[in-house]
>>> print(open('entry07.txt').read())   # compact mmCIF, C-alpha atoms
# COMPACT_ATOMS: atom_id res chain seq x y z
CA MET Y 1 -46.69 24.80 -9.60
CA ARG Y 2 -43.30 25.30 -11.29
CA ARG Y 3 -43.58 22.02 -13.18
CA TRP Y 4 -47.05 22.95 -14.48
CA ARG Y 5 -45.77 26.31 -15.81
CA VAL Y 6 -42.96 24.64 -17.73
CA ARG Y 7 -45.46 22.36 -19.40
CA VAL Y 8 -47.57 25.33 -20.47
CA VAL Y 9 -44.55 27.07 -22.04
CA VAL Y 10 -43.54 23.93 -23.91
CA ALA Y 11 -47.06 23.48 -25.16
CA ALA Y 12 -47.15 27.12 -26.34
CA LEU Y 13 -43.86 26.69 -28.18
CA ALA Y 14 -45.11 23.55 -29.82
CA GLY Y 15 -48.20 25.43 -31.00
CA ALA Y 16 -46.07 28.25 -32.35
CA VAL Y 17 -43.92 25.83 -34.30
CA THR Y 18 -47.02 24.23 -35.77
CA VAL Y 19 -48.33 27.62 -36.94
CA MET Y 20 -44.94 28.54 -38.43
CA ALA Y 21 -44.75 25.23 -40.23
CA GLY Y 22 -48.12 25.88 -41.79
CA CYS Y 23 -47.17 29.35 -43.00
CA GLY Y 24 -43.60 28.51 -44.10
CA ALA Y 25 -40.37 29.07 -42.17
CA PRO Y 26 -38.39 32.29 -42.60
CA ALA Y 27 -35.12 32.10 -44.57
CA GLY Y 28 -32.39 30.26 -42.66
CA LEU Y 29 -34.82 28.34 -40.42
CA ASP Y 30 -35.87 24.75 -40.95
CA GLY Y 31 -38.66 24.69 -38.40
CA ASP Y 32 -36.83 22.26 -36.09
CA LEU Y 33 -35.74 23.92 -32.84
CA THR Y 34 -33.81 20.93 -31.50
CA ASP Y 35 -31.64 19.59 -34.32
CA ASP Y 36 -28.90 22.19 -33.78
CA TRP Y 37 -28.53 21.66 -30.02
CA ARG Y 38 -25.20 20.17 -28.93
CA PRO Y 39 -25.62 16.84 -27.14
CA ALA Y 40 -24.81 16.90 -23.42
CA ALA Y 41 -21.36 15.56 -22.59
CA ALA Y 42 -21.26 12.16 -20.94
CA ALA Y 43 -20.60 12.20 -17.20
CA VAL Y 44 -17.00 11.30 -16.40
CA GLN Y 45 -16.16 9.70 -13.06
CA PHE Y 46 -13.08 10.85 -11.15
CA THR Y 47 -10.31 8.26 -11.43
CA PRO Y 48 -6.84 8.67 -9.89
CA LYS Y 49 -3.75 8.19 -12.02
CA VAL Y 50 -0.87 5.74 -11.73
CA GLY Y 51 2.34 7.67 -11.25
CA ASP Y 52 0.81 10.47 -9.20
CA CYS Y 53 2.50 11.38 -5.94
CA HIS Y 54 0.65 12.88 -2.98
CA VAL Y 55 1.27 15.10 0.01
CA ILE Y 56 -1.86 13.78 1.74
CA ALA Y 57 -1.53 10.26 3.17
CA GLU Y 58 -5.19 9.38 3.72
CA PRO Y 59 -6.12 5.78 2.81
CA SER Y 60 -9.27 6.82 0.91
CA SER Y 61 -9.43 8.77 -2.31
CA TYR Y 62 -11.68 11.83 -2.17
CA LEU Y 63 -11.74 14.21 -5.12
CA ALA Y 64 -11.75 17.21 -2.77
CA SER Y 65 -8.41 16.17 -1.26
CA TYR Y 66 -6.81 14.78 -4.41
CA GLN Y 67 -3.86 17.11 -4.84
CA PRO Y 68 -1.15 15.22 -6.76
CA VAL Y 69 2.32 16.70 -7.09
CA ASP Y 70 5.28 15.95 -9.31
CA CYS Y 71 7.20 13.01 -7.82
CA THR Y 72 10.43 15.00 -7.99
CA ARG Y 73 8.97 17.20 -5.26
CA SER Y 74 8.73 16.21 -1.60
CA HIS Y 75 5.73 13.91 -1.04
CA LEU Y 76 4.37 11.12 1.17
CA LEU Y 77 2.65 8.61 -1.13
CA GLU Y 78 3.08 7.29 -4.66
CA THR Y 79 0.28 5.57 -6.59
CA PHE Y 80 1.81 2.65 -8.50
CA HIS Y 81 -1.23 0.60 -9.56
CA LEU Y 82 -5.00 0.84 -10.07
CA GLY Y 83 -7.15 -2.25 -9.69
CA THR Y 84 -10.87 -2.99 -9.99
CA LEU Y 85 -13.17 -4.27 -7.27
CA THR Y 86 -15.47 -7.00 -8.57
CA GLY Y 87 -17.98 -9.59 -7.40
CA ALA Y 88 -19.97 -9.16 -4.21
CA VAL Y 89 -17.78 -6.27 -3.05
CA ALA Y 90 -18.59 -4.26 -6.18
CA GLU Y 91 -22.32 -4.84 -5.65
CA ARG Y 92 -22.35 -3.19 -2.24
CA GLU Y 93 -24.22 0.08 -1.78
CA THR Y 94 -21.26 1.62 0.03
CA PRO Y 95 -17.49 1.25 -0.49
CA PRO Y 96 -15.67 -1.28 1.70
CA LEU Y 97 -14.15 0.24 4.80
CA VAL Y 98 -10.41 0.76 4.96
CA GLY Y 99 -8.98 -2.11 6.98
CA SER Y 100 -11.92 -4.44 6.36
CA ALA Y 101 -11.54 -8.06 5.25
CA MET Y 102 -13.27 -7.17 1.97
CA LEU Y 103 -10.19 -5.22 0.86
CA ARG Y 104 -7.69 -8.01 1.56
CA PRO Y 105 -7.87 -9.44 -1.99
CA ALA Y 106 -7.14 -5.92 -3.23
CA PHE Y 107 -4.19 -5.70 -0.84
CA ALA Y 108 -2.86 -9.02 -2.17
CA GLU Y 109 -2.91 -7.55 -5.67
CA CYS Y 110 -1.16 -4.39 -4.47
CA ASP Y 111 1.39 -6.56 -2.62
CA ALA Y 112 2.42 -8.40 -5.78
CA LYS Y 113 2.43 -5.24 -7.90
CA ALA Y 114 4.57 -3.44 -5.30
CA THR Y 115 7.31 -6.06 -5.52
CA ALA Y 116 7.39 -5.66 -9.30
CA PHE Y 117 7.28 -1.87 -9.01
CA VAL Y 118 10.25 -1.44 -6.65
CA GLY Y 119 12.18 -4.30 -8.22
CA GLY Y 120 12.60 -6.42 -5.09
CA ASP Y 121 11.15 -7.52 -1.76
CA TRP Y 122 9.49 -4.35 -0.49
CA ARG Y 123 9.22 -5.87 3.00
CA GLY Y 124 13.01 -5.91 3.06
CA ALA Y 125 13.06 -2.12 3.16
CA ARG Y 126 11.52 0.80 5.00
CA LEU Y 127 8.44 0.59 2.81
CA THR Y 128 4.81 -0.32 3.19
CA VAL Y 129 1.72 -0.53 0.99
CA GLN Y 130 -1.88 0.58 1.38
CA VAL Y 131 -5.15 0.26 -0.53
CA ALA Y 132 -7.30 3.36 -1.09
CA PRO Y 133 -10.93 2.73 -2.15
CA PRO Y 134 -13.21 5.40 -3.68
CA SER Y 135 -15.08 7.86 -1.50
CA PRO Y 136 -18.78 7.13 -0.73
CA GLY Y 137 -19.77 9.78 -3.29
CA GLY Y 138 -17.57 8.27 -5.97
CA TRP Y 139 -18.92 4.82 -5.15
CA GLN Y 140 -22.49 6.04 -5.60
CA GLY Y 141 -21.43 7.46 -8.96
CA GLY Y 142 -20.22 4.05 -10.11
CA SER Y 143 -16.50 4.06 -9.26
CA ARG Y 144 -15.16 0.57 -8.48
CA TRP Y 145 -11.41 1.13 -8.74
CA PHE Y 146 -8.95 0.85 -5.89
CA ARG Y 147 -5.66 2.68 -5.60
CA CYS Y 148 -2.36 1.02 -4.59
CA ASP Y 149 -0.05 3.41 -2.75
CA ILE Y 150 3.47 2.89 -1.44
CA PHE Y 151 5.31 5.00 1.10
CA VAL Y 152 8.55 5.20 3.07
CA LEU Y 153 8.47 4.43 6.79
CA ASP Y 154 10.13 6.59 9.39
CA THR Y 155 11.98 3.76 11.15
CA ALA Y 156 13.64 0.47 10.26
CA ASP Y 157 11.15 -1.20 12.59
CA GLY Y 158 8.52 -0.47 9.99
CA GLY Y 159 6.05 0.74 12.58
CA SER Y 160 6.17 -2.57 14.43
CA ALA Y 161 4.65 -2.88 17.86
CA ARG Y 162 8.26 -3.39 18.95
CA ARG Y 163 8.44 0.40 18.98
CA HIS Y 164 5.02 1.94 18.29
CA PRO Y 165 1.67 0.55 17.10
CA ASP Y 166 1.24 2.50 13.87
CA ASP Y 167 3.35 3.13 10.79
CA HIS Y 168 4.24 6.67 9.81
CA PRO Y 169 5.14 7.84 6.30
CA VAL Y 170 8.00 10.26 5.84
CA GLN Y 171 8.44 12.74 3.04
CA HIS Y 172 10.92 11.96 0.29
CA SER Y 173 11.62 13.05 -3.27
CA GLY Y 174 11.71 10.94 -6.41
CA SER Y 175 9.79 7.89 -7.58
CA LEU Y 176 10.26 4.53 -5.84
CA ARG Y 177 10.13 2.67 -9.15
CA ASP Y 178 13.04 0.15 -9.29
CA GLU Y 179 14.28 1.44 -5.92
CA LEU Y 180 15.39 -2.03 -4.80
CA LYS Y 181 16.95 -3.22 -8.07
CA GLY Y 182 20.29 -2.04 -6.76
CA PRO Y 183 21.75 -0.84 -3.45
CA SER Y 184 19.25 1.38 -1.62
CA PRO Y 185 19.42 3.34 1.63
CA LEU Y 186 15.89 2.08 2.28
CA ALA Y 187 16.89 -1.62 2.25
CA PHE Y 188 17.21 -3.11 5.75
CA GLY Y 189 20.50 -4.89 5.13
CA CYS Y 190 22.34 -5.15 8.45
CA LEU Y 191 21.13 -3.57 11.66
CA ASN Y 192 21.77 -2.91 15.34
CA GLU Y 193 19.53 -2.04 18.24
CA ASP Y 194 19.62 1.44 19.67
CA ARG Y 195 19.35 2.06 23.40
CA TYR Y 196 15.57 1.95 23.16
CA GLY Y 197 15.55 -1.49 21.54
CA ALA Y 198 14.59 -0.18 18.10
CA PHE Y 199 16.35 -1.23 14.88
CA GLU Y 200 18.79 1.14 13.22
CA GLN Y 201 20.40 0.41 9.88
CA THR Y 202 24.15 0.09 9.40
CA GLY Y 203 26.59 -1.20 6.81
CA CYS Y 204 27.24 -4.95 6.83
CA THR Y 205 31.02 -4.40 7.08
CA ARG Y 206 30.49 -2.48 10.31
CA PRO Y 207 29.85 -4.30 13.62
CA HIS Y 208 26.23 -5.43 13.79
CA THR Y 209 24.04 -8.15 15.27
CA PHE Y 210 21.09 -8.41 12.85
CA GLU Y 211 20.57 -8.96 9.12
CA TYR Y 212 17.31 -9.13 7.19
CA VAL Y 213 16.82 -12.55 5.54
CA GLY Y 214 13.23 -12.52 4.18
CA SER Y 215 9.60 -12.76 5.18
CA TRP Y 216 6.80 -15.31 5.33
CA THR Y 217 3.03 -14.92 5.31
CA ALA Y 218 1.13 -15.50 8.54
CA PRO Y 219 -2.36 -17.06 8.47
CA GLY Y 220 -5.40 -14.83 8.73
CA THR Y 221 -5.51 -14.77 12.52
CA SER Y 222 -6.18 -11.80 14.74
CA TYR Y 223 -3.40 -9.30 15.34
CA ALA Y 224 -3.24 -10.36 18.98
CA ASP Y 225 -2.55 -13.96 17.95
CA ALA Y 226 0.02 -13.10 15.27
CA GLY Y 227 3.11 -13.41 17.44
CA ARG Y 228 1.70 -15.54 20.24
CA ASP Y 229 3.42 -18.74 19.08
CA GLU Y 230 6.93 -17.34 19.36
CA ASP Y 231 8.65 -20.72 19.01
CA GLY Y 232 6.75 -21.39 15.78
CA VAL Y 233 7.61 -17.95 14.39
CA HIS Y 234 11.31 -18.36 15.21
CA ALA Y 235 11.33 -21.82 13.61
CA LYS Y 236 10.00 -20.40 10.33
CA CYS Y 237 12.51 -17.56 10.50
CA ARG Y 238 15.37 -20.05 11.00
CA VAL Y 239 14.39 -21.72 7.74
CA LEU Y 240 14.66 -18.35 5.98
CA VAL Y 241 18.08 -17.79 7.56
CA ALA Y 242 19.21 -21.19 6.27
CA ARG Y 243 18.05 -20.42 2.72
CA TYR Y 244 19.66 -16.97 2.83
CA ALA Y 245 23.00 -18.24 4.14
CA LYS Y 246 22.84 -21.56 2.26
CA VAL Y 247 23.16 -23.97 5.18
CA PRO Y 248 21.21 -27.19 5.78
CA VAL Y 249 17.80 -27.11 7.41
CA ASP Y 250 18.50 -29.78 10.01
CA GLY Y 251 18.74 -30.35 13.73
CA ALA Y 252 21.91 -28.29 13.97
CA LEU Y 253 20.28 -25.17 12.52
CA ARG Y 254 19.12 -23.78 15.86
CA TYR Y 255 22.75 -23.91 17.04
CA ARG Y 256 23.97 -21.96 14.01
CA THR Y 257 21.77 -18.90 14.30
CA GLY Y 258 19.58 -16.81 16.47
CA THR Y 259 16.55 -15.04 14.99
CA SER Y 260 14.45 -11.95 15.48
CA TYR Y 261 11.26 -10.91 13.72
CA LEU Y 262 8.87 -8.04 13.15
CA VAL Y 263 5.09 -8.32 12.95
CA PRO Y 264 3.35 -5.68 10.78
CA SER Y 265 1.94 -2.65 12.56
CA THR Y 266 -1.67 -2.74 13.70
CA GLU Y 267 -2.59 -0.47 10.77
CA ALA Y 268 -0.74 -2.63 8.23
CA TRP Y 269 -2.30 -5.80 9.66
CA ALA Y 270 -5.76 -4.28 9.27
CA ARG Y 271 -4.94 -3.34 5.65
CA GLY Y 272 -4.17 -6.99 4.92
CA ASP Y 273 -0.40 -7.22 5.42
CA ARG Y 274 0.46 -10.60 6.96
CA GLY Y 275 4.18 -10.52 6.16
CA ILE Y 276 6.39 -11.50 9.11
CA ARG Y 277 9.88 -10.04 8.58
CA CYS Y 278 12.73 -12.28 9.73
CA PHE Y 279 16.26 -11.38 10.80
CA TYR Y 280 19.42 -13.33 11.51
CA TRP Y 281 20.68 -12.58 15.04
CA SER Y 282 24.30 -13.16 15.92
CA GLY Y 283 23.73 -13.17 19.66
CA ALA Y 284 26.12 -11.27 21.92
CA PRO Y 285 29.13 -11.03 19.56
CA LYS Y 286 28.84 -8.57 16.71
CA VAL Y 287 29.88 -9.55 13.19
CA THR Y 288 31.39 -7.50 10.37
CA ARG Y 289 30.20 -9.36 7.27
CA SER Y 290 26.99 -10.43 5.64
CA ILE Y 291 25.91 -14.04 6.06
CA LYS Y 292 24.30 -14.10 2.61
CA GLY Y 293 25.47 -17.21 0.77
CA GLY Y 294 28.23 -17.69 3.35
CA GLY Y 295 27.38 -21.31 4.09
CA THR Y 296 28.66 -23.09 7.19
CA LYS Y 297 31.69 -20.79 7.36
CA ALA Y 298 29.38 -17.83 8.00
CA LEU Y 299 27.16 -19.87 10.32
CA PRO Y 300 29.26 -22.46 12.15
CA VAL Y 301 27.65 -24.56 14.86
CA GLY Y 302 28.13 -22.49 18.01
>>> encode(input="entry07.txt", output="structure tokens")
Amino acid sequence: MRRWRVRVVVAALAGAVTVMAGCGAPAGLDGDLTDDWRPAAAAVQFTPKVGDCHVIAEPSSYLASYQPVDCTRSHLLETFHLGTLTGAVAERETPPLVGSAMLRPAFAECDAKATAFVGGDWRGARLTVQVAPPSPGGWQGGSRWFRCDIFVLDTADGGSARRHPDDHPVQHSGSLRDELKGPSPLAFGCLNEDRYGAFEQTGCTRPHTFEYVGSWTAPGTSYADAGRDEDGVHAKCRVLVARYAKVPVDGALRYRTGTSYLVPSTEAWARGDRGIRCFYWSGAPKVTRSIKGGGTKALPVG
């Protein structure tokens, strides 16, 4: 009924215009009722901004909860890159779920961009990365971007299952851009174990038993299988120790160093992080220097 009435009114207006045109338009009128209407503004999709910091740590980007703050203020997340979902993923009717395999290529892009952003190996610090896709409403409106966020972890274990299954962001102030280009309190460096078996950072000139040496990428297995081959994991970590300390990778290597490693948290693994963090382990005696570049003097055959 309402639609029919509108049509009647439009028809009546059209008739009135026809009559006016026949009799001549009054001064100041040209007889065209539509040529002076302003065109409707084009619809603009919500898009997050690189450089925004956030007090809400959710891994999806909803306009209703998008409350960026100045990075000099206390915050949890920092958006350092925006990418675009393409191909079969972009053709879906709904956005890919956080933690799904479809977002792993996006995580790989965020991974590389994060290293450039902080100016060093982000896995060598209390940092982690997440991908935030658009909300279902934004996806229906045509949004195909994904947000790369970085945040500071609450422990040196990085949320590893060694201590607890999930990673937890902590509030901090200031941007993380170039954070690892120089000395940083976030960098693992040298470490000890506390009485609960968790890592705690310390200076390399102070007595310690661990030192971060690098990371390697695990294959796309299940989280349960990630650390099942412990001998294989330790062997790969020994190679990283050798490169870090500059000693030969040979049969004597296992007698020069012990190793420890951290598997990403269950949440980070689901997001696409397959980086296994490796650490030199001195064994029972503590050391008071870094093994970096120390050669066979730093790592004699024990």
>>> closest_residue(input="entry07.txt", among="Y:Tyr261, Y:Tyr196, Y:Trp145, Y:Phe80", to="Phe117 of chain Y", atoms="all atoms listed in the file")
Y:Phe80
>>> residues_around(input="entry07.txt", residues="Tyr244 of chain Y", least_positions_apart="3", cutoff="10 Å", atoms="only C-alpha atoms", output="list in words")
Tyr212, Val213, Gly214, Arg238, Val239, Leu240, Val241, Val247, Tyr280, Ile291, Lys292, Gly293, Gly294 and Gly295 of chain Y
>>> closest_residue(input="entry07.txt", among="Y:Leu82, Y:Val131, Y:Ala218, Y:Leu63", to="Ala101 of chain Y", atoms="all atoms listed in the file")
Y:Val131
>>> closest_residue(input="entry07.txt", among="Y:Val301, Y:His208, Y:Arg126, Y:Pro185", to="Pro264 of chain Y", atoms="all atoms listed in the file")
Y:Arg126
>>> atom_distance(input="entry07.txt", atom1="atom CA of Ser215 of chain Y", atom2="atom CA of Arg123 of chain Y")
7.2 Å
>>> atom_distance(input="entry07.txt", atom1="atom CA of Thr202 of chain Y", atom2="atom CA of Asp157 of chain Y")
13.4 Å
>>> residues_around(input="entry07.txt", residues="Arg289 of chain Y", least_positions_apart="3", cutoff="12 Å", atoms="all atoms listed in the file", output="compact mmCIF listing (two decimals) with C-alpha atoms, in the frame of the given file")
# COMPACT_ATOMS: atom_id res chain seq x y z
CA GLY Y 189 20.50 -4.89 5.13
CA CYS Y 190 22.34 -5.15 8.45
CA LEU Y 191 21.13 -3.57 11.66
CA THR Y 202 24.15 0.09 9.40
CA GLY Y 203 26.59 -1.20 6.81
CA CYS Y 204 27.24 -4.95 6.83
CA THR Y 205 31.02 -4.40 7.08
CA ARG Y 206 30.49 -2.48 10.31
CA PRO Y 207 29.85 -4.30 13.62
CA HIS Y 208 26.23 -5.43 13.79
CA THR Y 209 24.04 -8.15 15.27
CA PHE Y 210 21.09 -8.41 12.85
CA GLU Y 211 20.57 -8.96 9.12
CA ALA Y 245 23.00 -18.24 4.14
CA SER Y 282 24.30 -13.16 15.92
CA LYS Y 286 28.84 -8.57 16.71
CA LYS Y 292 24.30 -14.10 2.61
CA GLY Y 293 25.47 -17.21 0.77
CA GLY Y 294 28.23 -17.69 3.35
CA LYS Y 297 31.69 -20.79 7.36
CA ALA Y 298 29.38 -17.83 8.00
CA LEU Y 299 27.16 -19.87 10.32
>>> closest_residue(input="entry07.txt", among="Y:Pro169, Y:Gly137, Y:Gly87, Y:Gly142", to="Glu58 of chain Y", atoms="only C-alpha atoms")
Y:Pro169
>>> closest_residue(input="entry07.txt", among="Y:Arg254, Y:His75, Y:Ser143, Y:Ala156", to="Val170 of chain Y", atoms="only C-alpha atoms")
Y:His75
>>> axis_aligned_box(input="entry07.txt", around="segment 275-291 of chain Y", padding_each_side="4 Å", output="AutoDock Vina command-line options")
--center_x 17.8 --center_y -10.8 --center_z 13.8 --size_x 35.2 --size_y 14.5 --size_z 24.3
>>> atom_distance(input="entry07.txt", atom1="atom CA of Val55 of chain Y", atom2="atom CA of Trp122 of chain Y")
21.1 Å
>>> closest_residue(input="entry07.txt", among="Y:Gln45, Y:Ser222, Y:Phe151, Y:Thr79", to="Pro134 of chain Y", atoms="only C-alpha atoms")
Y:Gln45
>>> residues_around(input="entry07.txt", residues="Met102 of chain Y", least_positions_apart="3", cutoff="12 Å", atoms="only C-alpha atoms", output="number ranges by chain")
Y: 85-90, 92, 95-99, 105-108, 131, 133, 270-272
>>> residues_around(input="entry07.txt", residues="Glu230 of chain Y", least_positions_apart="4", cutoff="12 Å", atoms="all atoms listed in the file", output="JSON, numbers by chain")
{"Y": [225, 226, 234, 235, 236, 237, 259, 260, 261, 262, 263, 276]}
>>> residues_around(input="entry07.txt", residues="Gly174 of chain Y", least_positions_apart="4", cutoff="10 Å", atoms="all atoms listed in the file", output="ChimeraX atom specification")
/Y:53,70-75,78,179
>>> decode(input="entry07.txt", residues="segment 71-84 of chain Y", atoms="N, CA, C and O atoms", output="PDB file, in the first residue's frame")
ATOM      1  N   CYS Y  71      49.761   6.306  20.732  1.00  0.00           N
ATOM      2  CA  CYS Y  71      50.698   5.268  21.167  1.00  0.00           C
ATOM      3  C   CYS Y  71      51.560   5.700  22.342  1.00  0.00           C
ATOM      4  O   CYS Y  71      52.208   4.852  22.976  1.00  0.00           O
ATOM      5  N   THR Y  72      51.596   6.992  22.647  1.00  0.00           N
ATOM      6  CA  THR Y  72      52.337   7.437  23.821  1.00  0.00           C
ATOM      7  C   THR Y  72      51.593   7.096  25.108  1.00  0.00           C
ATOM      8  O   THR Y  72      52.183   7.115  26.189  1.00  0.00           O
ATOM      9  N   ARG Y  73      50.313   6.777  24.972  1.00  0.00           N
ATOM     10  CA  ARG Y  73      49.511   6.371  26.120  1.00  0.00           C
ATOM     11  C   ARG Y  73      49.626   4.863  26.329  1.00  0.00           C
ATOM     12  O   ARG Y  73      50.042   4.113  25.444  1.00  0.00           O
ATOM     13  N   SER Y  74      49.239   4.396  27.501  1.00  0.00           N
ATOM     14  CA  SER Y  74      49.275   2.970  27.797  1.00  0.00           C
ATOM     15  C   SER Y  74      48.305   2.230  26.880  1.00  0.00           C
ATOM     16  O   SER Y  74      47.153   2.649  26.704  1.00  0.00           O
ATOM     17  N   HIS Y  75      48.773   1.130  26.270  1.00  0.00           N
ATOM     18  CA  HIS Y  75      47.939   0.370  25.335  1.00  0.00           C
ATOM     19  C   HIS Y  75      48.402  -1.074  25.293  1.00  0.00           C
ATOM     20  O   HIS Y  75      49.428  -1.445  25.887  1.00  0.00           O
ATOM     21  N   LEU Y  76      47.655  -1.912  24.568  1.00  0.00           N
ATOM     22  CA  LEU Y  76      47.969  -3.339  24.466  1.00  0.00           C
ATOM     23  C   LEU Y  76      48.510  -3.727  23.093  1.00  0.00           C
ATOM     24  O   LEU Y  76      49.438  -4.528  22.998  1.00  0.00           O
ATOM     25  N   LEU Y  77      47.896  -3.207  22.023  1.00  0.00           N
ATOM     26  CA  LEU Y  77      48.259  -3.599  20.664  1.00  0.00           C
ATOM     27  C   LEU Y  77      48.693  -2.394  19.843  1.00  0.00           C
ATOM     28  O   LEU Y  77      48.270  -1.275  20.104  1.00  0.00           O
ATOM     29  N   GLU Y  78      49.501  -2.677  18.816  1.00  0.00           N
ATOM     30  CA  GLU Y  78      49.871  -1.658  17.838  1.00  0.00           C
ATOM     31  C   GLU Y  78      49.698  -2.245  16.442  1.00  0.00           C
ATOM     32  O   GLU Y  78      50.218  -3.331  16.150  1.00  0.00           O
ATOM     33  N   THR Y  79      48.958  -1.550  15.585  1.00  0.00           N
ATOM     34  CA  THR Y  79      48.778  -1.986  14.201  1.00  0.00           C
ATOM     35  C   THR Y  79      49.942  -1.457  13.370  1.00  0.00           C
ATOM     36  O   THR Y  79      50.143  -0.249  13.279  1.00  0.00           O
ATOM     37  N   PHE Y  80      50.727  -2.373  12.768  1.00  0.00           N
ATOM     38  CA  PHE Y  80      51.919  -1.947  12.039  1.00  0.00           C
ATOM     39  C   PHE Y  80      51.839  -2.209  10.539  1.00  0.00           C
ATOM     40  O   PHE Y  80      52.706  -1.778   9.785  1.00  0.00           O
ATOM     41  N   HIS Y  81      50.773  -2.898  10.087  1.00  0.00           N
ATOM     42  CA  HIS Y  81      50.663  -3.187   8.652  1.00  0.00           C
ATOM     43  C   HIS Y  81      49.226  -3.557   8.329  1.00  0.00           C
ATOM     44  O   HIS Y  81      48.516  -4.154   9.142  1.00  0.00           O
ATOM     45  N   LEU Y  82      48.778  -3.176   7.125  1.00  0.00           N
ATOM     46  CA  LEU Y  82      47.495  -3.623   6.584  1.00  0.00           C
ATOM     47  C   LEU Y  82      47.761  -4.376   5.291  1.00  0.00           C
ATOM     48  O   LEU Y  82      48.466  -3.880   4.413  1.00  0.00           O
ATOM     49  N   GLY Y  83      47.204  -5.563   5.182  1.00  0.00           N
ATOM     50  CA  GLY Y  83      47.321  -6.355   3.963  1.00  0.00           C
ATOM     51  C   GLY Y  83      45.959  -6.564   3.329  1.00  0.00           C
ATOM     52  O   GLY Y  83      44.936  -6.107   3.847  1.00  0.00           O
ATOM     53  N   THR Y  84      45.931  -7.283   2.213  1.00  0.00           N
ATOM     54  CA  THR Y  84      44.684  -7.535   1.490  1.00  0.00           C
ATOM     55  C   THR Y  84      44.515  -9.024   1.252  1.00  0.00           C
ATOM     56  O   THR Y  84      45.435  -9.680   0.748  1.00  0.00           O
TER      57      THR Y  84
END
